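Visitor: The following block contains the structure, expressed as structure tokens.
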Number of protein chains: 2
Amino acid sequence: MPTINDVAKHAQTSISSVSRVLNNSGYVREEVRRRVLKAVEELQYNPNALARGLIKNKSNTIGLILPDILNPFFAHVARGVEDTARSYGYNVFLCNTDGSIEIENQYLKVLEQKRVDGIIYAASQRGSQLIAKLKDKGTPLVVLDRQIECVDIDTVHINNYQGAYMAVNYLVSLGHRKIAFIGGPKDIQSAVNRENGYREALQAHGLVIDEDLIKYGDFRYEGGYEGAGMLLAGKKAFSALFSANDMMAIGAINRFVEAGIKVPDDISIVGFDDIPFAKLIVPQLTTIAQPIQDMSRIAAELLLEQIEGEKKSSREVILLPKLVKRKTCKEV
Amino acid sequence: MPTINDVAKHAQTSISSVSRVLNNSGYVREEVRRRVLKAVEELQYNPNALARGLIKNKSNTIGLILPDILNPFFAHVARGVEDTARSYGYNVFLCNTDGSIEIENQYLKVLEQKRVDGIIYAASQRGSQLIAKLKDKGTPLVVLDRQIECVDIDTVHINNYQGAYMAVNYLVSLGHRKIAFIGGPKDIQSAVNRENGYREALQAHGLVIDEDLIKYGDFRYEGGYEGAGMLLAGKKAFSALFSANDMMAIGAINRFVEAGIKVPDDISIVGFDDIPFAKLIVPQLTTIAQPIQDMSRIAAELLLEQIEGEKKSSREVILLPKLVKRKTCKEV
DNA sequence: AAGAAATGTGAAAAGGTTTTCACATAATGT
DNA sequence: ACATTATGTGAAAACCTTTTCACATTTCTT
């Protein structure tokens, strides 16, 4: 692989001049520039980013830490981050942690070795000590969709509380009074925020919160299926269901259909996430859409601002979800 | 950030000795080793991979080029590649090309600049000149799920022909004689292979190929929906449908249901891919499963063998898909 | 015409590591 | 006791850039 030295020889000039034309810095005679460009072309010279990074103390690389790219939510995150990183001339290291704090630690270490210019962190709840440590080192950092207690960190997330509130509000506006809920795991912050939104929306409308109409699942299809089964077994009447995510909503729908209950005629349903399949099932799922890709674009932009500009005071960006009305809700 | 020099001073020894203990190379007195390790710990020293890469001419990094991580197929690819790369001590650069040859070129260039140790290529069909160029440069390379004409390149893909053949074979074994087909875009190799499998399976069973029962879609939900509509409008009787992918199969099912046609009672359906949602729709979709993650694991392993071992003769690995029987097929 | 400013050039240092080499000491073989 | 061998150490070169600095030449002011 040719080096800048080879180019200099071939163009009959010095290394310095080659560097100058390549970086458009300083003065260089037009003829020399031409010769250099020609040499670059002929030798197919492609500068060594390792050497460049070493001396400039900059790698034009960022790390993206997330639990699992197979989860469509994080695939969107990756897409959004990669898109804007590329447009700024950065590459992104993909780091799946699988939820393991060990892998996370390992990655944090090697990302530092590779001298990434910044990190976008969208992984475990518990990693907050790690986060604090990173912050101490001064590594540019943006935390995505995670509640982080320590202040002074750029953060962008979605208002889950508000989204749930909107869902319930919509159901109430359709005339529903008995609205069941299937929530997510209690140790996931977004899940509890959605539950709070549900509860407070009911209260705001002067409706009673019936604990028998509240079940919990694991955010997976089976959780919704089973939750719906339990609601049915409970014998308490309800005319609507708000599910804390779409997967469980779909599970619930299938459980209802099995029981001969019609959606939306007998029961109205609102999900959360707007996964791609929400509009492919029959009936199409009414749900709360999260602007994931916007979120990750903004996260990447915040990070790159941190990297390229001087550090400003840290920011918290909160995006509003959106109600997508489709076919699983009906007036009562 | 502390350097090896700082560690040497702190441990009262030379740079060379520090390097030796860090790399477990050469002789070093036990006490010195202890002092060095202590210094590393105290200073939180983390070696600069850029400098290391520069001198060793090795980055412990690979590039993964694919069209779009949002496509679950490629999300699986990414996951498989990243997993095995990590286990070998490598990082992966995520490169979405969005199908654009320009972005692809851009990425190829910057990956070379960053001196990646190898590339896994799972993007456009047309990139074969690029591929040849890479090959010429001697960059370790594995091509994933793409038919590449130029020889002497490690390749791993799935036998789409065989998968389609299995699907049709299964339908025939259930007694179906009039089997419709919705294919993918004709300029995608895997799509034409699936079509060939369909055709030759019919012939092998002595069944006529009725061109009126063959429609084409875009591999998306809408394509299947419309294809099914056209089949219905065609007035030719058929008792089964093989769809070249699951998304279109789901579109077709929904179109059939809309028309009051029952699946599987009136029409049996087999898809292709086994996307996560295949088992969540009602009725659960019978389909041909691709061992995507196996494929990408193997690809990564081939690449790392190329990188770490001396280059052996190039290999082509072909994986067999699997028929997953669920609820959309019925004996006739 | 002379001094000042603008333009242009190359040598050398710096960035942080690994590796080679020369040398020094300790252990072993005869 | 002396020659080998094994063990241990540090200086310096190498990897490929960018950037600074000193110097040389041209162009512009007055």
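Identifiers in this document derive from the order of the structure tokens: chains are assigned A, B, ..., residues are numbered from 1 separately in each chain, and ligands are numbered from 1 in order of occurrence.
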Starting from chain B, keep only residues with some atom at most 10 Å from an atom of chain D, counting only C-alpha atoms (C1' of nucleotides), and report them as a list in words.

Guide: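 Every residue of chain B that passes the 10 Å test is in Thr13, Ser14, Ile15, Ser16, Ser17, Gly26, Tyr27, Val28, Arg29, Ala51, Arg52, Gly53, Leu54, Ile55, Lys56 and Asn57 of chain B.
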
Visitor: For the selection you just gave me, I'd like the residues written to a file as an mmCIF file, in the first residue's frame, keeping C-alpha atoms.

Guide:
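See part.cif below for the written result:
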```
data_model
loop_
_atom_site.group_PDB
_atom_site.id
_atom_site.type_symbol
_atom_site.label_atom_id
_atom_site.label_comp_id
_atom_site.auth_asym_id
_atom_site.auth_seq_id
_atom_site.Cartn_x
_atom_site.Cartn_y
_atom_site.Cartn_z
ATOM 1 C CA THR B 13 11.481 0.792 33.998
ATOM 2 C CA SER B 14 11.700 1.184 30.219
ATOM 3 C CA ILE B 15 9.027 1.389 27.575
ATOM 4 C CA SER B 16 10.300 -1.899 26.157
ATOM 5 C CA SER B 17 9.693 -3.775 29.365
ATOM 6 C CA GLY B 26 10.231 -11.855 25.665
ATOM 7 C CA TYR B 27 11.751 -12.080 29.092
ATOM 8 C CA VAL B 28 10.815 -9.890 32.001
ATOM 9 C CA ARG B 29 11.702 -10.203 35.664
ATOM 10 C CA ALA B 51 -0.512 3.461 17.364
ATOM 11 C CA ARG B 52 -0.556 -0.274 17.781
ATOM 12 C CA GLY B 53 -2.391 -0.753 14.521
ATOM 13 C CA LEU B 54 -0.036 1.580 12.744
ATOM 14 C CA ILE B 55 3.054 -0.370 13.589
ATOM 15 C CA LYS B 56 1.573 -3.849 13.443
ATOM 16 C CA ASN B 57 -0.309 -3.042 10.282
#
```

Visitor: Can you tell me, as number ranges by chain, what residues are no more than 8 Å from B:Leu174 when counting only C-alpha atoms (C1' of nucleotides), ignoring any on the same chain fewer than 4 positions away?

Guide: B: 170, 330-332

Visitor: Could the residues in this selection be written to a file with C-alpha atoms, as a short mmCIF file (atom, residue, chain, number, x, y, z; two decimals), in the first residue's frame?

Guide:
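This is the output file again_16.cif:
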```cif
data_model
loop_
_atom_site.label_atom_id
_atom_site.label_comp_id
_atom_site.auth_asym_id
_atom_site.auth_seq_id
_atom_site.Cartn_x
_atom_site.Cartn_y
_atom_site.Cartn_z
CA TYR B 170 -44.49 -30.28 0.30
CA LYS B 330 -53.94 -28.48 4.48
CA GLU B 331 -54.26 -31.77 2.70
CA VAL B 332 -56.57 -31.70 -0.25
#
```

Visitor: Using backbone DSSP assignments, extract all alpha helix (DSSP H) residues from stretch 190-325 of chain B; output them as a ChimeraX atom specification.

Guide: /B:190-204,221-233,246-258,292-308

Visitor: Take the residues just selected and output them with C-alpha atoms as a PDB file, in the first residue's frame.

Guide:
```
ATOM      1  CA  SER B 190     -32.296 -15.158  -4.897  1.00  0.00           C
ATOM      2  CA  ALA B 191     -35.712 -14.365  -6.355  1.00  0.00           C
ATOM      3  CA  VAL B 192     -34.966 -16.034  -9.673  1.00  0.00           C
ATOM      4  CA  ASN B 193     -33.475 -19.024  -7.904  1.00  0.00           C
ATOM      5  CA  ARG B 194     -36.670 -19.433  -5.950  1.00  0.00           C
ATOM      6  CA  GLU B 195     -38.677 -19.185  -9.125  1.00  0.00           C
ATOM      7  CA  ASN B 196     -36.515 -21.835 -10.756  1.00  0.00           C
ATOM      8  CA  GLY B 197     -37.014 -24.099  -7.781  1.00  0.00           C
ATOM      9  CA  TYR B 198     -40.758 -23.646  -8.097  1.00  0.00           C
ATOM     10  CA  ARG B 199     -40.776 -24.405 -11.806  1.00  0.00           C
ATOM     11  CA  GLU B 200     -38.523 -27.394 -11.683  1.00  0.00           C
ATOM     12  CA  ALA B 201     -40.318 -28.918  -8.734  1.00  0.00           C
ATOM     13  CA  LEU B 202     -43.574 -28.750 -10.674  1.00  0.00           C
ATOM     14  CA  GLN B 203     -41.954 -30.336 -13.685  1.00  0.00           C
ATOM     15  CA  ALA B 204     -40.346 -33.019 -11.615  1.00  0.00           C
ATOM     16  CA  TYR B 221     -46.541  -6.749   1.819  1.00  0.00           C
ATOM     17  CA  GLU B 222     -48.243  -4.755  -0.915  1.00  0.00           C
ATOM     18  CA  GLY B 223     -46.698  -6.906  -3.610  1.00  0.00           C
ATOM     19  CA  GLY B 224     -48.243 -10.017  -2.102  1.00  0.00           C
ATOM     20  CA  TYR B 225     -51.566  -8.320  -1.563  1.00  0.00           C
ATOM     21  CA  GLU B 226     -51.733  -7.208  -5.178  1.00  0.00           C
ATOM     22  CA  GLY B 227     -50.383 -10.452  -6.545  1.00  0.00           C
ATOM     23  CA  ALA B 228     -53.109 -12.341  -4.729  1.00  0.00           C
ATOM     24  CA  GLY B 229     -55.658  -9.920  -6.097  1.00  0.00           C
ATOM     25  CA  MET B 230     -54.467 -10.562  -9.629  1.00  0.00           C
ATOM     26  CA  LEU B 231     -54.583 -14.317  -9.114  1.00  0.00           C
ATOM     27  CA  LEU B 232     -58.149 -14.006  -7.902  1.00  0.00           C
ATOM     28  CA  ALA B 233     -59.087 -11.783 -10.825  1.00  0.00           C
ATOM     29  CA  ASP B 246     -43.085 -14.169   3.939  1.00  0.00           C
ATOM     30  CA  MET B 247     -44.006 -10.528   3.642  1.00  0.00           C
ATOM     31  CA  MET B 248     -45.764 -11.187   0.363  1.00  0.00           C
ATOM     32  CA  ALA B 249     -47.328 -14.339   1.771  1.00  0.00           C
ATOM     33  CA  ILE B 250     -48.848 -12.299   4.562  1.00  0.00           C
ATOM     34  CA  GLY B 251     -50.097  -9.728   2.083  1.00  0.00           C
ATOM     35  CA  ALA B 252     -51.664 -12.510   0.071  1.00  0.00           C
ATOM     36  CA  ILE B 253     -53.314 -14.065   3.102  1.00  0.00           C
ATOM     37  CA  ASN B 254     -54.887 -10.773   3.999  1.00  0.00           C
ATOM     38  CA  ARG B 255     -56.117 -10.302   0.465  1.00  0.00           C
ATOM     39  CA  PHE B 256     -57.642 -13.777   0.492  1.00  0.00           C
ATOM     40  CA  VAL B 257     -59.316 -13.209   3.827  1.00  0.00           C
ATOM     41  CA  GLU B 258     -60.788  -9.985   2.489  1.00  0.00           C
ATOM     42  CA  ILE B 292     -29.256 -16.628   8.388  1.00  0.00           C
ATOM     43  CA  GLN B 293     -27.375 -16.407  11.616  1.00  0.00           C
ATOM     44  CA  ASP B 294     -25.491 -19.617  10.901  1.00  0.00           C
ATOM     45  CA  MET B 295     -24.648 -18.241   7.517  1.00  0.00           C
ATOM     46  CA  SER B 296     -23.241 -15.020   8.910  1.00  0.00           C
ATOM     47  CA  ARG B 297     -21.335 -16.826  11.644  1.00  0.00           C
ATOM     48  CA  ILE B 298     -19.698 -18.991   9.041  1.00  0.00           C
ATOM     49  CA  ALA B 299     -18.966 -15.959   6.904  1.00  0.00           C
ATOM     50  CA  ALA B 300     -17.251 -14.237   9.790  1.00  0.00           C
ATOM     51  CA  GLU B 301     -15.276 -17.350  10.560  1.00  0.00           C
ATOM     52  CA  LEU B 302     -14.127 -17.683   6.973  1.00  0.00           C
ATOM     53  CA  LEU B 303     -13.058 -14.068   7.003  1.00  0.00           C
ATOM     54  CA  LEU B 304     -11.133 -14.378  10.234  1.00  0.00           C
ATOM     55  CA  GLU B 305      -9.425 -17.486   8.964  1.00  0.00           C
ATOM     56  CA  GLN B 306      -8.351 -15.540   5.925  1.00  0.00           C
ATOM     57  CA  ILE B 307      -7.061 -12.775   8.153  1.00  0.00           C
ATOM     58  CA  GLU B 308      -5.304 -14.817  10.763  1.00  0.00           C
TER      59      GLU B 308
END
```

Visitor: Just need the residues of chain A within 8 Å of chain B, counting only C-alpha atoms, so spit them out as number ranges by chain.

Guide: A: 46-51, 53-54, 68-70, 72, 75-76, 78-79, 82-83, 91-96, 109, 112-115, 221, 250-251, 254, 277, 280-282

Visitor: Between C:DG15, C:DT25, C:DA6, C:DA1, which has the minimum distance to chain A (counting only C-alpha atoms (C1' of nucleotides))?

Guide: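 The answer is C:DG15, which sits nearest to chain A.
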
Visitor: Would you please extract all strand (DSSP E or B) residues from stretch 8-211 of chain A, as assigned by DSSP on the backbone, and give them as a ChimeraX atom specification?

Guide: /A:61-66,91-96,118-121,141-144,154-158,179-183

Visitor: Wanna dump the chain C-chain B contacts at 8 Å for me, each residue with its shortest atom pair and the distance in Å to one decimal, counting only C-alpha atoms (C1' of nucleotides), ordered by chain and number, as a Markdown table?

Guide:
```
| residue | atom | partner | partner_atom | distance |
| --- | --- | --- | --- | --- |
| C:DG16 | C1' | B:Ala51 | CA | 5.1 |
| C:DT17 | C1' | B:Ala51 | CA | 4.9 |
| C:DT18 | C1' | B:Ile55 | CA | 6.5 |
```

Visitor: Kindly export the residues of the current selection with C-alpha atoms (C1' of nucleotides), as a PDB file, in the first residue's frame.

Guide:
```pdb
ATOM      1  C1'  DG C  16       2.223   6.064  20.832  1.00  0.00           C
ATOM      2  C1'  DT C  17       3.274   1.831  20.017  1.00  0.00           C
ATOM      3  C1'  DT C  18       6.243  -2.719  18.702  1.00  0.00           C
TER       4       DT C  18
END
```

Visitor: Find the spatial neighbours of B:Asp218, counting only C-alpha atoms (C1' of nucleotides), within a cut-off of 6 Å - ignore same-chain residues fewer than 2 positions away - and output them as an MDAnalysis selection string.

Guide: chainID B and resid 184:185 220 223

Visitor: If we count only C-alpha atoms (C1' of nucleotides), what is near A:Val151 at a cut-off of 10 Å, once residues fewer than 4 positions away on the same chain are taken out, given as a list in words?

Guide: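 Contacts, in chain order: Ala132, Thr155, Ser314, Arg315 and Glu316 of chain A.
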
Visitor: Take the residues from that selection and write them out as an mmCIF file, in the first residue's frame, keeping C-alpha atoms.

Guide:
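This is the output file result13.cif:
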```cif
data_model
loop_
_atom_site.group_PDB
_atom_site.id
_atom_site.type_symbol
_atom_site.label_atom_id
_atom_site.label_comp_id
_atom_site.auth_asym_id
_atom_site.auth_seq_id
_atom_site.Cartn_x
_atom_site.Cartn_y
_atom_site.Cartn_z
ATOM 1 C CA ALA A 132 -20.360 8.233 35.219
ATOM 2 C CA THR A 155 -29.867 12.653 26.901
ATOM 3 C CA SER A 314 -25.713 19.431 28.579
ATOM 4 C CA ARG A 315 -29.128 19.009 27.107
ATOM 5 C CA GLU A 316 -32.131 16.756 27.516
#
```
